[in-house]
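**Q** Structure supplied as model.txt; contents: compact mmCIF, C-alpha atoms and all ligand atoms.
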```txt
# COMPACT_ATOMS: atom_id res chain seq x y z
CA MET A 1264 -188.32 30.52 22.82
CA SER A 1265 -185.92 28.69 20.60
CA ASP A 1266 -187.09 26.01 18.15
CA PHE A 1267 -184.95 23.41 19.89
CA PHE A 1268 -187.42 21.78 22.28
CA PRO A 1269 -190.31 21.47 19.81
CA ALA A 1270 -187.87 19.80 17.40
CA LEU A 1271 -186.54 17.45 20.09
CA ARG A 1272 -190.04 16.56 21.28
CA SER A 1273 -191.11 15.76 17.76
CA VAL A 1274 -188.11 13.44 17.20
CA LEU A 1275 -188.72 11.73 20.52
CA ALA A 1276 -192.33 11.18 19.46
CA GLY A 1277 -191.00 9.19 16.52
CA LYS A 1278 -191.10 11.72 13.70
CA GLN A 1279 -188.09 12.00 11.41
CA PRO A 1280 -186.90 15.63 11.50
CA ASP A 1281 -186.79 17.69 8.30
CA ALA A 1282 -183.97 20.11 7.44
CA ALA A 1283 -185.45 22.93 9.54
CA ALA A 1284 -185.90 20.70 12.60
CA ILE A 1285 -182.35 19.32 12.23
CA THR A 1286 -180.99 22.86 12.02
CA ALA A 1287 -182.94 23.74 15.18
CA LEU A 1288 -181.42 20.73 16.96
CA LEU A 1289 -177.93 21.68 15.79
CA SER A 1290 -178.49 25.22 17.11
CA ALA A 1291 -178.90 23.90 20.67
CA ARG A 1292 -177.53 26.20 23.38
CA ASP A 1293 -175.38 24.61 26.10
CA ASP A 1294 -178.29 23.65 28.39
CA GLU A 1295 -180.28 22.36 25.42
CA ALA A 1296 -177.27 20.42 24.10
CA LYS A 1297 -177.23 18.40 27.34
CA GLU A 1298 -180.75 17.22 26.57
CA LEU A 1299 -179.77 16.46 22.99
CA PHE A 1300 -176.81 14.32 24.06
CA ALA A 1301 -178.92 12.46 26.63
CA ALA A 1302 -181.60 11.77 24.01
CA ALA A 1303 -178.96 10.49 21.57
CA ASP A 1304 -177.45 8.29 24.28
CA ALA A 1305 -180.87 6.78 25.00
CA ALA A 1306 -181.50 6.31 21.26
CA ARG A 1307 -178.14 4.55 20.96
CA ARG A 1308 -179.01 2.19 23.80
CA ALA A 1309 -182.43 1.41 22.35
CA GLY A 1310 -181.16 1.07 18.78
CA VAL A 1311 -177.86 -0.78 19.07
CA GLY A 1312 -177.44 -1.55 22.77
CA ASP A 1313 -174.53 -0.92 25.11
CA GLU A 1314 -171.95 -3.00 23.26
CA VAL A 1315 -169.10 -1.20 21.58
CA HIS A 1316 -167.67 -2.65 18.37
CA LEU A 1317 -163.95 -2.44 17.82
CA ARG A 1318 -162.65 -2.20 14.26
CA ALA A 1319 -158.92 -2.49 13.64
CA ILE A 1320 -157.84 0.01 11.04
CA ILE A 1321 -154.77 -0.68 8.89
CA GLU A 1322 -153.59 2.26 6.81
CA PHE A 1323 -151.67 0.45 4.10
CA SER A 1324 -150.71 3.28 1.73
CA SER A 1325 -150.38 7.04 2.14
CA HIS A 1326 -150.14 7.71 -1.60
CA CYS A 1327 -153.09 9.54 -3.08
CA ARG A 1328 -153.98 10.71 -6.57
CA GLN A 1329 -156.54 13.21 -5.25
CA ASN A 1330 -155.87 16.74 -4.12
CA CYS A 1331 -158.53 17.47 -1.48
CA LEU A 1332 -157.86 20.91 -0.01
CA TYR A 1333 -158.26 19.74 3.59
CA CYS A 1334 -156.15 16.58 3.59
CA GLY A 1335 -152.47 16.08 4.38
CA LEU A 1336 -152.27 13.11 1.99
CA ARG A 1337 -153.23 15.33 -0.99
CA ARG A 1338 -150.93 14.77 -3.94
CA ASP A 1339 -149.48 18.29 -3.87
CA ASN A 1340 -148.15 17.81 -0.35
CA ARG A 1341 -144.53 17.11 -1.31
CA ALA A 1342 -143.38 17.37 2.32
CA LEU A 1343 -145.06 14.10 3.28
CA ALA A 1344 -142.86 10.95 3.38
CA ARG A 1345 -145.07 8.42 1.60
CA TYR A 1346 -145.17 4.67 2.20
CA ARG A 1347 -146.80 1.56 0.85
CA LEU A 1348 -147.12 -1.70 2.77
CA ASN A 1349 -146.63 -4.85 0.74
CA ARG A 1350 -148.94 -7.84 0.90
CA GLU A 1351 -146.88 -9.59 3.60
CA GLN A 1352 -146.82 -6.49 5.80
CA ILE A 1353 -150.57 -6.02 5.45
CA ILE A 1354 -151.19 -9.66 6.29
CA ALA A 1355 -148.90 -9.40 9.33
CA ALA A 1356 -150.99 -6.47 10.61
CA VAL A 1357 -154.22 -8.40 9.95
CA ASP A 1358 -152.75 -11.37 11.80
CA GLU A 1359 -151.99 -9.18 14.80
CA ALA A 1360 -155.53 -7.77 14.76
CA ALA A 1361 -156.99 -11.27 14.67
CA SER A 1362 -154.80 -12.50 17.51
CA LEU A 1363 -155.77 -9.50 19.65
CA GLY A 1364 -159.39 -10.56 19.20
CA PHE A 1365 -160.61 -7.99 16.69
CA LYS A 1366 -163.52 -9.16 14.55
CA THR A 1367 -163.21 -6.56 11.81
CA VAL A 1368 -160.26 -5.18 9.90
CA VAL A 1369 -160.56 -1.97 7.92
CA LEU A 1370 -158.06 -1.74 5.07
CA GLN A 1371 -157.68 1.94 4.31
CA SER A 1372 -155.46 3.95 1.95
CA GLY A 1373 -155.34 7.12 -0.07
CA GLU A 1374 -156.57 6.69 -3.65
CA ASP A 1375 -153.59 4.62 -4.75
CA VAL A 1376 -154.03 2.66 -7.97
CA TYR A 1377 -150.64 0.99 -7.45
CA TYR A 1378 -152.72 -1.75 -5.81
CA THR A 1379 -154.60 -3.21 -8.74
CA ALA A 1380 -158.15 -4.43 -8.31
CA GLY A 1381 -156.87 -7.98 -8.75
CA ALA A 1382 -154.17 -7.62 -6.09
CA LEU A 1383 -156.66 -6.27 -3.56
CA ALA A 1384 -159.18 -8.98 -4.44
CA ARG A 1385 -156.55 -11.68 -3.86
CA LEU A 1386 -155.64 -10.08 -0.54
CA VAL A 1387 -159.28 -9.96 0.60
CA GLU A 1388 -159.83 -13.54 -0.51
CA PHE A 1389 -156.80 -14.69 1.46
CA ILE A 1390 -157.91 -12.86 4.62
CA LYS A 1391 -161.45 -14.17 4.40
CA ARG A 1392 -160.23 -17.74 3.94
CA LYS A 1393 -157.69 -17.71 6.72
CA TYR A 1394 -159.36 -15.61 9.42
CA ASP A 1395 -162.77 -15.26 10.98
CA LEU A 1396 -162.88 -11.53 10.24
CA ALA A 1397 -165.21 -9.07 8.60
CA VAL A 1398 -163.30 -7.03 6.02
CA THR A 1399 -164.00 -3.37 5.34
CA LEU A 1400 -162.33 -1.68 2.39
CA SER A 1401 -161.75 2.06 2.27
CA VAL A 1402 -159.73 2.93 -0.80
CA GLY A 1403 -161.77 5.70 -2.38
CA GLN A 1404 -163.58 6.12 -5.67
CA ARG A 1405 -162.98 3.26 -8.11
CA HIS A 1406 -164.82 1.63 -11.01
CA ARG A 1407 -167.97 -0.35 -10.39
CA LEU A 1408 -166.31 -3.49 -11.71
CA GLU A 1409 -163.53 -3.16 -9.16
CA TYR A 1410 -166.03 -2.80 -6.32
CA ALA A 1411 -167.81 -5.86 -7.72
CA LEU A 1412 -164.60 -7.89 -7.82
CA TRP A 1413 -163.77 -7.11 -4.19
CA ARG A 1414 -167.28 -7.93 -3.10
CA GLN A 1415 -167.01 -11.25 -4.90
CA ALA A 1416 -163.68 -11.83 -3.14
CA GLY A 1417 -165.56 -11.54 0.16
CA ALA A 1418 -165.28 -7.91 1.26
CA ASP A 1419 -168.17 -7.25 3.63
CA ARG A 1420 -168.17 -3.48 3.97
CA TYR A 1421 -166.99 -0.35 2.24
CA LEU A 1422 -166.27 3.02 3.77
CA LEU A 1423 -166.53 6.09 1.55
CA LYS A 1424 -167.32 9.31 3.36
CA HIS A 1425 -169.34 11.78 1.34
CA GLU A 1426 -167.33 14.49 3.24
CA THR A 1427 -169.94 17.24 2.69
CA ALA A 1428 -173.39 17.11 1.14
CA ASP A 1429 -173.11 20.74 0.03
CA GLU A 1430 -172.38 20.48 -3.72
CA GLU A 1431 -170.70 23.86 -3.95
CA LEU A 1432 -168.44 23.22 -0.96
CA PHE A 1433 -167.66 19.73 -2.23
CA ARG A 1434 -166.53 21.09 -5.61
CA ARG A 1435 -164.37 23.70 -3.92
CA LEU A 1436 -162.72 21.26 -1.50
CA LYS A 1437 -162.32 18.31 -3.86
CA PRO A 1438 -161.10 19.80 -7.13
CA GLY A 1439 -161.86 17.80 -10.25
CA SER A 1440 -164.66 15.77 -8.68
CA SER A 1441 -168.31 16.20 -7.82
CA LEU A 1442 -170.71 15.09 -5.12
CA ALA A 1443 -172.79 13.37 -7.82
CA GLU A 1444 -169.85 11.12 -8.77
CA ARG A 1445 -169.26 10.24 -5.14
CA LEU A 1446 -172.92 9.42 -4.63
CA ARG A 1447 -172.85 7.23 -7.73
CA CYS A 1448 -170.07 5.20 -6.09
CA LEU A 1449 -172.06 4.95 -2.86
CA TYR A 1450 -175.14 3.66 -4.69
CA TRP A 1451 -173.03 1.12 -6.60
CA LEU A 1452 -171.64 -0.14 -3.32
CA LYS A 1453 -175.14 -0.53 -1.95
CA GLU A 1454 -176.35 -2.36 -5.05
CA LEU A 1455 -173.39 -4.73 -4.79
CA GLY A 1456 -174.49 -5.72 -1.29
CA TYR A 1457 -171.79 -4.04 0.76
CA GLN A 1458 -172.64 -2.70 4.19
CA VAL A 1459 -171.88 0.91 3.42
CA GLY A 1460 -170.25 3.48 5.64
CA SER A 1461 -170.19 7.16 4.82
CA GLY A 1462 -169.95 10.37 6.82
CA ASN A 1463 -168.77 13.93 6.86
CA MET A 1464 -166.53 16.49 8.45
CA VAL A 1465 -167.82 19.23 10.73
CA GLY A 1466 -166.50 22.79 10.70
CA LEU A 1467 -165.20 22.96 7.16
CA PRO A 1468 -164.54 26.55 6.08
CA GLY A 1469 -167.76 27.93 4.63
CA GLN A 1470 -169.95 25.09 5.97
CA SER A 1471 -173.27 26.27 7.40
CA LEU A 1472 -175.62 24.52 9.83
CA GLU A 1473 -177.95 24.03 6.87
CA ALA A 1474 -175.15 22.19 5.06
CA LEU A 1475 -174.69 19.94 8.10
CA ALA A 1476 -178.43 19.26 8.12
CA LYS A 1477 -178.04 18.15 4.49
CA ASP A 1478 -175.28 15.76 5.56
CA ILE A 1479 -177.57 14.08 8.06
CA ILE A 1480 -180.45 13.90 5.59
CA LEU A 1481 -178.14 12.36 3.00
CA LEU A 1482 -176.97 9.71 5.46
CA ARG A 1483 -180.61 8.89 6.16
CA GLU A 1484 -181.46 8.72 2.45
CA LEU A 1485 -178.52 6.44 1.82
CA ALA A 1486 -179.63 4.36 4.82
CA VAL A 1487 -175.97 3.85 5.62
CA GLU A 1488 -174.96 1.04 7.95
CA MET A 1489 -172.18 3.22 9.34
CA ALA A 1490 -171.54 6.95 9.55
CA GLY A 1491 -168.34 8.66 10.66
CA VAL A 1492 -168.68 12.23 11.88
CA GLY A 1493 -165.49 14.08 12.79
CA PRO A 1494 -164.25 17.64 13.12
CA PHE A 1495 -162.23 19.26 10.36
CA LEU A 1496 -158.65 19.78 11.57
CA PRO A 1497 -156.36 22.12 9.60
CA HIS A 1498 -153.08 20.67 8.34
CA GLN A 1499 -150.13 23.01 7.85
CA ASN A 1500 -149.20 21.68 4.40
CA THR A 1501 -152.59 22.23 2.85
CA PRO A 1502 -154.34 25.30 1.41
CA LEU A 1503 -156.65 25.28 4.46
CA LYS A 1504 -153.80 25.62 6.98
CA ASP A 1505 -155.11 28.90 8.41
CA ALA A 1506 -158.73 27.83 8.76
CA PRO A 1507 -160.01 27.25 12.32
CA PRO A 1508 -160.71 23.65 13.39
CA GLY A 1509 -164.23 22.32 13.75
CA SER A 1510 -165.61 22.59 17.27
CA LEU A 1511 -165.97 19.73 19.71
CA GLU A 1512 -169.47 20.81 20.72
CA LEU A 1513 -170.81 21.15 17.18
CA THR A 1514 -169.30 17.80 16.20
CA ARG A 1515 -171.02 16.17 19.17
CA LYS A 1516 -174.30 17.78 18.17
CA VAL A 1517 -174.00 16.48 14.62
CA LEU A 1518 -173.17 13.03 15.97
CA ALA A 1519 -176.13 13.15 18.37
CA VAL A 1520 -178.62 14.22 15.70
CA THR A 1521 -177.22 11.57 13.35
CA ARG A 1522 -177.95 8.99 16.06
CA LEU A 1523 -181.51 10.26 16.48
CA CYS A 1524 -182.05 10.00 12.71
CA LEU A 1525 -180.29 6.63 12.29
CA PRO A 1526 -181.03 4.74 15.51
CA ARG A 1527 -179.52 1.44 14.37
CA ALA A 1528 -176.46 2.60 12.47
CA HIS A 1529 -172.91 2.06 13.64
CA LEU A 1530 -171.43 5.42 14.59
CA PRO A 1531 -167.73 5.56 15.50
CA ALA A 1532 -166.11 7.82 18.04
CA THR A 1533 -163.74 9.19 15.41
CA THR A 1534 -159.98 9.56 15.78
CA SER A 1535 -160.28 13.19 14.68
CA LEU A 1536 -162.51 13.90 17.68
CA SER A 1537 -159.94 12.24 20.00
CA THR A 1538 -157.29 14.39 18.35
CA LEU A 1539 -159.28 17.56 18.96
CA SER A 1540 -159.91 16.70 22.62
CA SER A 1541 -158.31 14.13 24.94
CA ASP A 1542 -161.83 13.40 26.21
CA GLY A 1543 -163.27 13.23 22.67
CA ARG A 1544 -163.70 9.47 22.53
CA ARG A 1545 -165.63 9.27 25.79
CA LEU A 1546 -167.77 12.27 24.91
CA ALA A 1547 -168.67 10.67 21.56
CA LEU A 1548 -169.57 7.40 23.28
CA VAL A 1549 -172.07 9.21 25.51
CA SER A 1550 -173.59 11.18 22.61
CA GLY A 1551 -174.57 8.39 20.26
CA ALA A 1552 -171.39 6.57 19.22
CA ASN A 1553 -171.03 2.77 19.53
CA VAL A 1554 -167.84 1.99 17.60
CA VAL A 1555 -164.13 2.60 18.23
CA MET A 1556 -161.52 2.12 15.53
CA PRO A 1557 -158.08 1.49 17.06
CA ASN A 1558 -155.18 1.98 14.69
CA LEU A 1559 -153.26 -1.22 13.92
CA THR A 1560 -151.01 0.23 11.25
CA PRO A 1561 -147.51 -1.19 11.87
CA PRO A 1562 -145.50 1.09 14.20
CA GLU A 1563 -142.73 1.72 11.64
CA VAL A 1564 -145.09 3.69 9.35
CA LYS A 1565 -147.91 4.64 11.72
CA GLY A 1566 -146.88 8.27 12.21
CA LYS A 1567 -146.80 8.85 8.46
CA TYR A 1568 -150.49 8.64 7.62
CA LEU A 1569 -150.90 12.31 8.37
CA ILE A 1570 -154.34 13.26 7.13
CA TYR A 1571 -154.31 15.96 9.78
CA PRO A 1572 -151.58 16.89 12.29
CA GLN A 1573 -151.03 15.37 15.73
CA LYS A 1574 -153.24 12.43 15.01
CA ALA A 1575 -154.23 10.81 18.29
CA ASP A 1576 -152.62 7.55 19.41
CA ILE A 1577 -149.83 7.44 16.84
CA THR A 1578 -147.15 6.39 19.28
CA GLU A 1579 -149.16 3.55 20.80
CA ARG A 1580 -148.55 -0.13 20.10
CA PRO A 1581 -151.69 -2.14 19.25
CA ARG A 1582 -151.77 -3.97 22.58
CA GLN A 1583 -151.45 -0.68 24.50
CA ALA A 1584 -154.18 0.93 22.42
CA LEU A 1585 -156.49 -1.99 23.09
CA ASP A 1586 -155.76 -1.94 26.83
CA ARG A 1587 -156.49 1.76 27.06
CA ILE A 1588 -159.78 1.42 25.21
CA SER A 1589 -160.78 -1.61 27.30
CA LEU A 1590 -160.15 0.41 30.45
CA LEU A 1591 -162.20 3.35 29.21
CA LEU A 1592 -165.10 1.10 28.18
CA ALA A 1593 -165.02 -0.87 31.44
CA GLY A 1594 -165.26 2.41 33.35
CA MET A 1595 -168.29 3.36 31.28
CA ASN A 1596 -170.04 0.00 31.68
CA ARG A 1597 -169.92 -0.53 27.96
CA PRO A 1598 -168.98 -4.12 27.07
CA ILE A 1599 -166.84 -4.86 24.04
CA ALA A 1600 -168.93 -6.67 21.44
CA ARG A 1601 -167.86 -10.25 20.74
CA GLY A 1602 -169.52 -10.68 17.37
CA CYS A 1603 -168.29 -9.04 14.20
CA GLY A 1604 -171.05 -6.44 14.38
CA HIS A 1605 -172.71 -6.60 11.00
CA ALA A 1606 -175.22 -3.82 10.75
CA ILE A 1607 -178.91 -4.46 11.10
CA LYS A 1608 -180.77 -3.76 7.85
CA TYR A 1609 -183.85 -1.62 8.20
CA VAL A 1610 -186.09 0.67 6.27
CA TYR A 1611 -186.83 4.20 7.37
CA ILE A 1612 -190.49 5.07 7.55
CA GLN A 1613 -191.21 8.74 7.32
N1 LIG B 1 -159.52 16.99 9.18
C1 LIG B 1 -160.39 16.02 9.55
N2 LIG B 1 -160.65 14.94 8.81
C2 LIG B 1 -160.01 14.82 7.64
N3 LIG B 1 -160.06 13.88 6.70
C3 LIG B 1 -159.22 14.21 5.72
N4 LIG B 1 -158.61 15.38 6.00
C4 LIG B 1 -159.08 15.78 7.20
C5 LIG B 1 -158.85 16.91 8.01
N5 LIG B 1 -158.00 17.86 7.68
C6 LIG B 1 -160.95 12.72 6.79
C7 LIG B 1 -161.88 12.67 5.62
C8 LIG B 1 -161.47 11.42 4.88
C9 LIG B 1 -160.75 10.61 5.92
C10 LIG B 1 -159.71 9.72 5.36
O1 LIG B 1 -160.16 11.56 6.79
O2 LIG B 1 -163.22 12.53 6.09
O3 LIG B 1 -162.53 10.69 4.38
FE1 LIG B 2 -156.80 11.41 -0.80
FE2 LIG B 2 -158.86 10.85 0.80
FE3 LIG B 2 -157.02 12.65 1.50
FE4 LIG B 2 -158.71 13.24 -0.47
S1 LIG B 2 -159.27 12.85 1.71
S2 LIG B 2 -156.49 13.59 -0.51
S3 LIG B 2 -158.97 11.23 -1.43
S4 LIG B 2 -156.69 10.47 1.23
```
Reformat the file's structure so that it appears as structure tokens.

**A**
Amino acid sequence: MSDFFPALRSVLAGKQPDAAAITALLSARDDEAKELFAAADAARRAGVGDEVHLRAIIEFSSHCRQNCLYCGLRRDNRALARYRLNREQIIAAVDEAASLGFKTVVLQSGEDVYYTAGALARLVEFIKRKYDLAVTLSVGQRHRLEYALWRQAGADRYLLKHETADEELFRRLKPGSSLAERLRCLYWLKELGYQVGSGNMVGLPGQSLEALAKDIILLRELAVEMAGVGPFLPHQNTPLKDAPPGSLELTRKVLAVTRLCLPRAHLPATTSLSTLSSDGRRLALVSGANVVMPNLTPPEVKGKYLIYPQKADITERPRQALDRISLLLAGMNRPIARGCGHAIKYVYIQ
């Protein structure tokens, strides 16, 4: 007998799983995985309902000072044509998102200090004054004072994936930085009152199931409002070009267990999962996910934010992307949320 069913029964009885139980859940065989996904789907419905929140993501700069081994935007990738959107271009994309009915814009970039803290604060302030939008920033590790300034300017949320909770793997994949530094940023963001999003990749070279269990436990400890879980996808201009991609099934399992451990968090069906499988978005939405993040980066630069190759949806115009998602959600009986979808604060009781 495998340890899967005792672990699942215990979670369903309301007990938070420890590392061993999470590992047992992640080890689910195919028939067991079906039960896991169904349990996560039920937990999603009970925790956050059937509504799906749409977040418009605007990738405003592909420059990055970091050199993460897995990422196509790493600074040593000289083959990548880099771009930066100016303030007017960013505002035009925000305007389009607002007129299409989005309630949240996510402003994302590589770690690009070309945009000063002041410039970003003024941009956030402008958006918050002019539009009825929640603003999420995702611009990497910065000083506490910068995070504070943006929060003061009205930024509601911040997205900073921890990437992997395995310290050794983190050091290897993100040269010159440590998991501790990243966690310090995440705790600052929480203290400053942001709704915090984090998350990790699945299938990184050298990543064990135990390491994935640590990811889920970390997300629970951080009590994140949002957690993005996506497969690692090798990019040809990175040192990890020959590594195999993360698997669809394992990524779904990690997503499902994350849902069981964080019943009220917002969990996106990630673009990386859609890139790995054309059915990835739907499969995520029936295994715990309740958020979709359509890409509203202006078409002239959209194909250039190449974190990993063949990113899904890069040729689509915003209206098309929205129509396709609306169709998928209608077919699944999952209404699009009308509100801006702030996360529900709650305390985990062990
Ligand atoms: N495969 C999958 N996800 C990746 N990311 C970066 N590189 C890759 C890759 N090769 C993710 C990281 C990062 C986000 C911007 O994209 O999780 O936080
Ligand atoms: Fe830069 Fe983020 Fe890519 Fe690392 S993962 S190279 S910080 S964009």

**Q** Which one is closest to Leu1343 (chain A): A:Pro1572, A:Pro1598, A:Gly1439, A:Gly1551? Count only C-alpha atoms.

**A**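 Checking each candidate against Leu1343 (chain A), we get A:Pro1572 as the closest.
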
**Q** Within 7 Å of ligand LIG 2 (chain B), counting all atoms listed in the file, which protein or nucleic acid residues do you find, written as a list in words?

**A**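 Counting only what the definition allows, namely all atoms listed in the file, the set is Cys1327, Arg1328, Gln1329, Asn1330, Cys1331, Cys1334, Gly1335, Leu1336, Arg1337, Arg1338, Ser1372, Gly1373, Glu1374, Gly1403 and Ile1570 of chain A.
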
**Q** Would you mind telling me which residue in A:Leu1455, A:Val1564, A:Cys1603, A:Leu1422 lies nearest to ligand LIG 1 (chain B) when using all atoms listed in the file?

**A**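 Nearest candidate to ligand LIG 1 (chain B) out of A:Leu1455, A:Val1564, A:Cys1603, A:Leu1422: A:Leu1422.
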
**Q** Distance CA of Cys1448 (chain A)-CA of Val1554 (chain A), one decimal place?

**A**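 The value is 24.0 Å.
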
**Q** Using all atoms listed in the file, which of the listed residues (A:Ala1528, A:Thr1399, A:Asn1500, A:Arg1515) sits closest to Leu1546 (chain A)?

**A**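 Going through A:Ala1528, A:Thr1399, A:Asn1500, A:Arg1515 one by one, the smallest distance to Leu1546 (chain A) is for A:Arg1515.
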
**Q** Can you pull out the residues contacting Arg1347 (chain A)? Cut-off 12 Å, using all atoms listed in the file, and skip same-chain residues under 2 positions away; I want them as a ChimeraX atom specification.

**A** /A:1321-1327,1344-1345,1349-1353,1371-1378,1560-1561,1563-1565,1567-1568

**Q** Pick out the residues no farther than 9 Å from ligand LIG 1 (chain B), counting all atoms listed in the file, and list them as a ChimeraX atom specification.

**A** /A:1331-1337,1371-1373,1401,1403,1422-1427,1461-1465,1467,1491-1498,1501,1503-1504,1508-1509,1534-1536,1569-1572

**Q** Pick out the closest residue to Thr1538 (chain A) from this set: A:Leu1396, A:Leu1511, A:Gly1277, A:Leu1317. Count only C-alpha atoms.

**A** A:Leu1511

**Q** One number please: CA of Ala1282 (chain A) to CA of Val1487 (chain A), in Å, one decimal.

**A**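 Here the two named atoms are 18.2 Å from each other.
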
**Q** Calculated over only C-alpha atoms, which of the candidates A:Arg1272, A:Asn1340, A:Leu1442, A:Ala1532 has the smallest distance to Gln1499 (chain A)?

**A**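 Using only C-alpha atoms, the shortest distance to Gln1499 (chain A) belongs to A:Asn1340.
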
**Q** Work out how far apart CA of Lys1516 (chain A) and CA of Glu1430 (chain A) are and give it in Å to one decimal.

**A**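 Here the two named atoms are 22.1 Å from each other.
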
**Q** Counting only C-alpha atoms, figure out which residue out of A:Arg1318, A:Arg1405, A:Arg1292, A:Arg1545 gets nearest to Arg1601 (chain A).

**A**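 Using only C-alpha atoms, the shortest distance to Arg1601 (chain A) belongs to A:Arg1318.
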
**Q** Can you tell me, as a VMD selection string, what residues are no more than 10 Å from region 1268-1270 of chain A when counting only C-alpha atoms, ignoring any on the same chain fewer than 5 positions away?

**A** chain A and resid 1275 to 1276 1278 to 1281 1283 to 1288 1291 1295 1298 to 1299

**Q** Quick one: residues within 12 Å of Asp1586 (chain A), all atoms listed in the file, excluding same-chain residues fewer than 6 positions away - as a ChimeraX atom specification?

**A** /A:1363,1557,1579-1580,1592-1593,1599

**Q** Since the input is missing atoms for region 1364-1369 of chain A, could you rebuild it with all heavy atoms and give the result as a PDB file, keeping the file's coordinate frame?

**A**
```pdb
ATOM      1  N   GLY A1364    -157.956 -10.331  19.004  1.00  0.00           N
ATOM      2  CA  GLY A1364    -159.390 -10.560  19.200  1.00  0.00           C
ATOM      3  C   GLY A1364    -160.305  -9.642  18.394  1.00  0.00           C
ATOM      4  O   GLY A1364    -161.530  -9.672  18.580  1.00  0.00           O
ATOM      5  N   PHE A1365    -159.739  -8.831  17.520  1.00  0.00           N
ATOM      6  CA  PHE A1365    -160.610  -7.990  16.690  1.00  0.00           C
ATOM      7  C   PHE A1365    -161.432  -8.858  15.757  1.00  0.00           C
ATOM      8  O   PHE A1365    -160.989  -9.938  15.353  1.00  0.00           O
ATOM      9  CB  PHE A1365    -159.770  -7.007  15.851  1.00  0.00           C
ATOM     10  CG  PHE A1365    -159.193  -5.885  16.660  1.00  0.00           C
ATOM     11  CD1 PHE A1365    -157.920  -5.957  17.187  1.00  0.00           C
ATOM     12  CD2 PHE A1365    -159.957  -4.743  16.908  1.00  0.00           C
ATOM     13  CE1 PHE A1365    -157.399  -4.923  17.946  1.00  0.00           C
ATOM     14  CE2 PHE A1365    -159.441  -3.704  17.673  1.00  0.00           C
ATOM     15  CZ  PHE A1365    -158.154  -3.790  18.189  1.00  0.00           C
ATOM     16  N   LYS A1366    -162.620  -8.396  15.426  1.00  0.00           N
ATOM     17  CA  LYS A1366    -163.520  -9.160  14.550  1.00  0.00           C
ATOM     18  C   LYS A1366    -163.673  -8.496  13.189  1.00  0.00           C
ATOM     19  O   LYS A1366    -164.308  -9.035  12.291  1.00  0.00           O
ATOM     20  CB  LYS A1366    -164.905  -9.290  15.199  1.00  0.00           C
ATOM     21  CG  LYS A1366    -164.889 -10.019  16.521  1.00  0.00           C
ATOM     22  CD  LYS A1366    -164.567 -11.494  16.313  1.00  0.00           C
ATOM     23  CE  LYS A1366    -164.489 -12.237  17.620  1.00  0.00           C
ATOM     24  NZ  LYS A1366    -163.421 -13.225  17.617  1.00  0.00           N
ATOM     25  N   THR A1367    -163.147  -7.287  13.088  1.00  0.00           N
ATOM     26  CA  THR A1367    -163.210  -6.560  11.810  1.00  0.00           C
ATOM     27  C   THR A1367    -161.873  -5.898  11.548  1.00  0.00           C
ATOM     28  O   THR A1367    -161.293  -5.299  12.455  1.00  0.00           O
ATOM     29  CB  THR A1367    -164.270  -5.430  11.860  1.00  0.00           C
ATOM     30  OG1 THR A1367    -165.565  -6.001  12.016  1.00  0.00           O
ATOM     31  CG2 THR A1367    -164.260  -4.596  10.584  1.00  0.00           C
ATOM     32  N   VAL A1368    -161.395  -6.011  10.303  1.00  0.00           N
ATOM     33  CA  VAL A1368    -160.260  -5.180   9.900  1.00  0.00           C
ATOM     34  C   VAL A1368    -160.723  -4.221   8.811  1.00  0.00           C
ATOM     35  O   VAL A1368    -161.505  -4.582   7.933  1.00  0.00           O
ATOM     36  CB  VAL A1368    -159.044  -5.981   9.376  1.00  0.00           C
ATOM     37  CG1 VAL A1368    -158.312  -6.661  10.518  1.00  0.00           C
ATOM     38  CG2 VAL A1368    -159.437  -6.976   8.298  1.00  0.00           C
ATOM     39  N   VAL A1369    -160.256  -2.986   8.929  1.00  0.00           N
ATOM     40  CA  VAL A1369    -160.560  -1.970   7.920  1.00  0.00           C
ATOM     41  C   VAL A1369    -159.267  -1.685   7.163  1.00  0.00           C
ATOM     42  O   VAL A1369    -158.286  -1.225   7.760  1.00  0.00           O
ATOM     43  CB  VAL A1369    -161.061  -0.667   8.587  1.00  0.00           C
ATOM     44  CG1 VAL A1369    -161.432   0.377   7.529  1.00  0.00           C
ATOM     45  CG2 VAL A1369    -162.236  -0.938   9.514  1.00  0.00           C
TER      46      VAL A1369
END
```
